[in-house]
Amino acid sequence: MRSHDSTLYDFTLVWTYLPVLIIILRSSVLLAILYWWVFTVNLPQHGVLMLCVSLVYVDSLLMQSNHFDRSCGHLCACALAVLTQHGGVPERSSSPTQEVVLIACDLLWSACAGAEVLARTTGLSVPLSHLNKVVLCCIFASVRVVFSYTSIGLLQSMFRSALYYVLCSLIILCGPLVRQQERSAPLIGFQSSSVVYMCVHVLFVHLYAVIASVLVIVGIHARLIYRTFNPRGDDSARMESGNKFAGNKPAIGKHTESLHAESLHANSTQSTHSISGGQGTKEHSDLIIKLQAAKKASGIT
């Protein structure tokens with residue numbers, strides 16, 4: 001899919017989701033055949049493995065021109081999960097150590113997948129190469145299978161397989177939206193081959209971890225879609241706060257002007273009182289001078 005990484009998909013067209021429905025249908029048919037071989041025909045494990053590998057190989061050759069199939073890894077991840085966890089595998093007794101290891105593996109694997117999805121959609125740089133991430137995913141899968149003591153049935157396998165391809169399609173369809181939102185260098189070099197190790201954990205981990213991981217991945221991409229098709233949504237709160245501040249400016253200015261007018265009025269009143277008081281003192285002194293002059297003229301001492 002590297003040649004189609006920059007393709008913009010139309011979410012309103014039915015043809016956009018047709019490859020997803022086709023690969024889910026093919027995986028369901030493959031799972032049904034595998035469980036039929038194991039439980040009905042009672043083929044040996046090596047016979048089931050050989051027939052499964054042959055079917056997956058032929059299917060990948062037929063669908064090699066489909067970029068969506070290549071990005072999802074065709075049916076390889078689905079077949080591998082079934083071959084290592086189907087009901088024909090004998091169950092073992094569990095121990096507290098195994099349970100702790102499985103819980104830690106499920107949590108770490110789901111957390112790493114969620115962190116990778118978050119880094120892809122937000123443009124955060126992860127100090128790990130593509131090869132290191134694939135190796136880490138293989139380690140998690142190996143630990144999960146080696147320490148596992150339970151098996152999964154046909155319906156659960158189909159549910160996990162469908163969920164895996166739905167998450168893969170979500171990441172692939174939203175890939176161009178990531179590059180549209182962020183123009184940083186890590187996103188320009190986005191590789192759709194990384195889709196597998198971001199979603200393959202849903203085929204192995206516990207159902208509770210699957211539900212939590214699905215909610216995280218869907219929530220991150222829902223926010224991405226909302227930001228893409230509603231670019232002014234993030235700025236609405238800022239604009240509203242700015243408008244509120246701008247609307248408060250006239251009130252603040254009016255209040256300041258009223259205070260200034262009252263100050264000017266008080267100053268003018270004070271100056272008026274001081275002027276009137278000075279004029280009254282001057283008139284009183286003139287009257288005293290006139291009275292003394294009249295006394296001197298009349299000879300009164």
# chains A, B, ... in the order shown; residues from 1 in each chain; ligands from 1
call {"tool": "residues_around", "arguments": {"residues": "segment 99-101 of chain A", "least_positions_apart": "5", "cutoff": "12 Å", "atoms": "only C-alpha atoms", "output": "list in words"}}
result
Ser93, Ser94, Asp106, Leu107, Leu108, Trp109, Phe140, Ser142, Val143, Arg144, Val145, Val146, Phe147, Ser148, Tyr149, Thr150, Val205 and His206 of chain A
call {"tool": "closest_residue", "arguments": {"among": "A:Leu154, A:Cys78, A:Met50, A:Cys112", "to": "Met198 of chain A", "atoms": "only C-alpha atoms"}}
result
A:Cys112
call {"tool": "closest_residue", "arguments": {"among": "A:His74, A:Arg26, A:His221, A:Arg227", "to": "Leu167 of chain A", "atoms": "only C-alpha atoms"}}
result
A:His221
call {"tool": "residues_around", "arguments": {"residues": "Gln64 of chain A", "least_positions_apart": "6", "cutoff": "12 Å", "atoms": "only C-alpha atoms", "output": "compact mmCIF listing (two decimals) with C-alpha atoms, in the first residue's frame"}}
result
# COMPACT_ATOMS: atom_id res chain seq x y z
CA MET A 1 0.00 0.00 0.00
CA VAL A 56 -3.00 -18.76 2.91
CA TYR A 57 -0.19 -18.74 0.34
CA VAL A 58 -2.53 -19.21 -2.61
CA ARG A 70 -1.17 -6.42 1.69
CA SER A 71 -1.43 -3.85 4.48
CA CYS A 72 -3.44 -6.26 6.65
CA GLY A 73 -1.04 -9.12 6.02
CA HIS A 74 -3.64 -11.07 4.01
CA LEU A 75 -4.86 -14.02 6.12
call {"tool": "closest_residue", "arguments": {"among": "A:Ser169, A:Ser110, A:Asn132, A:Thr97", "to": "Val195 of chain A", "atoms": "only C-alpha atoms"}}
result
A:Ser169
call {"tool": "closest_residue", "arguments": {"among": "A:Val210, A:Ala111, A:Ile225, A:Leu163", "to": "Ile24 of chain A", "atoms": "only C-alpha atoms"}}
result
A:Leu163
call {"tool": "residues_around", "arguments": {"residues": "Tyr197 of chain A", "least_positions_apart": "2", "cutoff": "7 Å", "atoms": "only C-alpha atoms", "output": "mmCIF file with N, CA and C atoms, in the first residue's frame"}}
result
data_model
loop_
_atom_site.group_PDB
_atom_site.id
_atom_site.type_symbol
_atom_site.label_atom_id
_atom_site.label_comp_id
_atom_site.auth_asym_id
_atom_site.auth_seq_id
_atom_site.Cartn_x
_atom_site.Cartn_y
_atom_site.Cartn_z
ATOM 1 N N VAL A 134 8.464 -4.494 15.188
ATOM 2 C CA VAL A 134 8.021 -5.815 14.744
ATOM 3 C C VAL A 134 8.584 -6.902 15.650
ATOM 4 N N CYS A 137 6.691 -6.940 18.869
ATOM 5 C CA CYS A 137 5.378 -7.573 18.685
ATOM 6 C C CYS A 137 5.510 -9.092 18.633
ATOM 7 N N SER A 194 3.030 -1.003 8.982
ATOM 8 C CA SER A 194 2.986 -0.972 10.444
ATOM 9 C C SER A 194 1.592 -1.226 10.984
ATOM 10 N N VAL A 195 0.609 -1.381 10.104
ATOM 11 C CA VAL A 195 -0.763 -1.593 10.554
ATOM 12 C C VAL A 195 -0.888 -2.920 11.292
ATOM 13 N N CYS A 199 -2.489 -3.768 15.359
ATOM 14 C CA CYS A 199 -3.814 -4.377 15.543
ATOM 15 C C CYS A 199 -3.775 -5.871 15.838
ATOM 16 N N VAL A 200 -2.654 -6.527 15.613
ATOM 17 C CA VAL A 200 -2.633 -7.987 15.710
ATOM 18 C C VAL A 200 -2.842 -8.482 17.135
#
call {"tool": "select_by_dssp", "arguments": {"residues": "segment 66-165 of chain A", "states": "alpha helix (DSSP H)", "output": "ChimeraX atom specification"}}
result
/A:67-72,76-85,96-122,130-146,154-165
call {"tool": "write_last_selection", "arguments": {"atoms": "C-alpha atoms", "output": "mmCIF file, in the first residue's frame"}}
result
data_model
loop_
_atom_site.group_PDB
_atom_site.id
_atom_site.type_symbol
_atom_site.label_atom_id
_atom_site.label_comp_id
_atom_site.auth_asym_id
_atom_site.auth_seq_id
_atom_site.Cartn_x
_atom_site.Cartn_y
_atom_site.Cartn_z
ATOM 1 C CA HIS A 67 -3.148 -2.866 -1.365
ATOM 2 C CA PHE A 68 -5.610 -3.258 1.518
ATOM 3 C CA ASP A 69 -4.913 -6.994 1.731
ATOM 4 C CA ARG A 70 -1.169 -6.417 1.692
ATOM 5 C CA SER A 71 -1.429 -3.850 4.478
ATOM 6 C CA CYS A 72 -3.438 -6.256 6.651
ATOM 7 C CA CYS A 76 -1.524 -14.797 7.769
ATOM 8 C CA ALA A 77 -2.189 -13.258 11.195
ATOM 9 C CA CYS A 78 -5.661 -14.793 11.368
ATOM 10 C CA ALA A 79 -4.398 -18.273 10.456
ATOM 11 C CA LEU A 80 -1.472 -18.042 12.875
ATOM 12 C CA ALA A 81 -3.760 -17.076 15.766
ATOM 13 C CA VAL A 82 -6.077 -20.008 15.056
ATOM 14 C CA LEU A 83 -3.307 -22.578 14.631
ATOM 15 C CA THR A 84 -1.812 -21.644 18.004
ATOM 16 C CA GLN A 85 -5.035 -21.246 19.989
ATOM 17 C CA PRO A 96 -0.008 -18.151 39.475
ATOM 18 C CA THR A 97 3.214 -17.392 37.621
ATOM 19 C CA GLN A 98 1.603 -18.082 34.265
ATOM 20 C CA GLU A 99 -1.357 -15.884 35.086
ATOM 21 C CA VAL A 100 0.881 -12.990 36.132
ATOM 22 C CA VAL A 101 2.975 -13.344 32.978
ATOM 23 C CA LEU A 102 -0.125 -13.448 30.771
ATOM 24 C CA ILE A 103 -1.697 -10.416 32.455
ATOM 25 C CA ALA A 104 1.532 -8.431 32.161
ATOM 26 C CA CYS A 105 1.946 -9.470 28.513
ATOM 27 C CA ASP A 106 -1.632 -8.489 27.636
ATOM 28 C CA LEU A 107 -1.360 -5.099 29.356
ATOM 29 C CA LEU A 108 2.043 -4.241 27.896
ATOM 30 C CA TRP A 109 1.105 -5.400 24.406
ATOM 31 C CA SER A 110 -2.154 -3.418 24.407
ATOM 32 C CA ALA A 111 -0.431 -0.355 25.872
ATOM 33 C CA CYS A 112 2.328 -0.471 23.246
ATOM 34 C CA ALA A 113 -0.236 -0.776 20.447
ATOM 35 C CA GLY A 114 -2.259 2.137 21.821
ATOM 36 C CA ALA A 115 0.875 4.269 22.207
ATOM 37 C CA GLU A 116 1.888 3.501 18.624
ATOM 38 C CA VAL A 117 -1.543 4.514 17.308
ATOM 39 C CA LEU A 118 -1.426 7.707 19.362
ATOM 40 C CA ALA A 119 2.050 8.511 18.069
ATOM 41 C CA ARG A 120 0.942 7.932 14.477
ATOM 42 C CA THR A 121 -2.093 10.196 14.729
ATOM 43 C CA THR A 122 -0.469 13.043 16.689
ATOM 44 C CA HIS A 130 10.094 -0.316 12.310
ATOM 45 C CA LEU A 131 12.129 -3.500 12.735
ATOM 46 C CA ASN A 132 12.378 -3.064 16.501
ATOM 47 C CA LYS A 133 8.610 -2.646 16.765
ATOM 48 C CA VAL A 134 8.021 -5.815 14.744
ATOM 49 C CA VAL A 135 10.476 -7.756 16.916
ATOM 50 C CA LEU A 136 8.748 -6.480 20.067
ATOM 51 C CA CYS A 137 5.378 -7.573 18.685
ATOM 52 C CA CYS A 138 6.763 -11.032 17.912
ATOM 53 C CA ILE A 139 8.106 -11.332 21.463
ATOM 54 C CA PHE A 140 4.706 -10.455 22.930
ATOM 55 C CA ALA A 141 2.960 -12.978 20.663
ATOM 56 C CA SER A 142 5.446 -15.723 21.503
ATOM 57 C CA VAL A 143 5.132 -15.152 25.255
ATOM 58 C CA ARG A 144 1.336 -15.105 24.994
ATOM 59 C CA VAL A 145 1.223 -18.418 23.121
ATOM 60 C CA VAL A 146 3.889 -20.188 25.183
ATOM 61 C CA LEU A 154 -14.859 -20.864 16.363
ATOM 62 C CA LEU A 155 -17.205 -17.980 17.172
ATOM 63 C CA GLN A 156 -14.615 -16.159 19.240
ATOM 64 C CA SER A 157 -12.023 -16.668 16.501
ATOM 65 C CA MET A 158 -14.393 -15.187 13.932
ATOM 66 C CA PHE A 159 -15.173 -12.260 16.219
ATOM 67 C CA ARG A 160 -11.500 -11.513 16.834
ATOM 68 C CA SER A 161 -10.682 -11.875 13.152
ATOM 69 C CA ALA A 162 -13.440 -9.489 12.074
ATOM 70 C CA LEU A 163 -12.405 -7.010 14.756
ATOM 71 C CA TYR A 164 -8.789 -7.199 13.608
ATOM 72 C CA TYR A 165 -9.651 -6.354 10.001
#
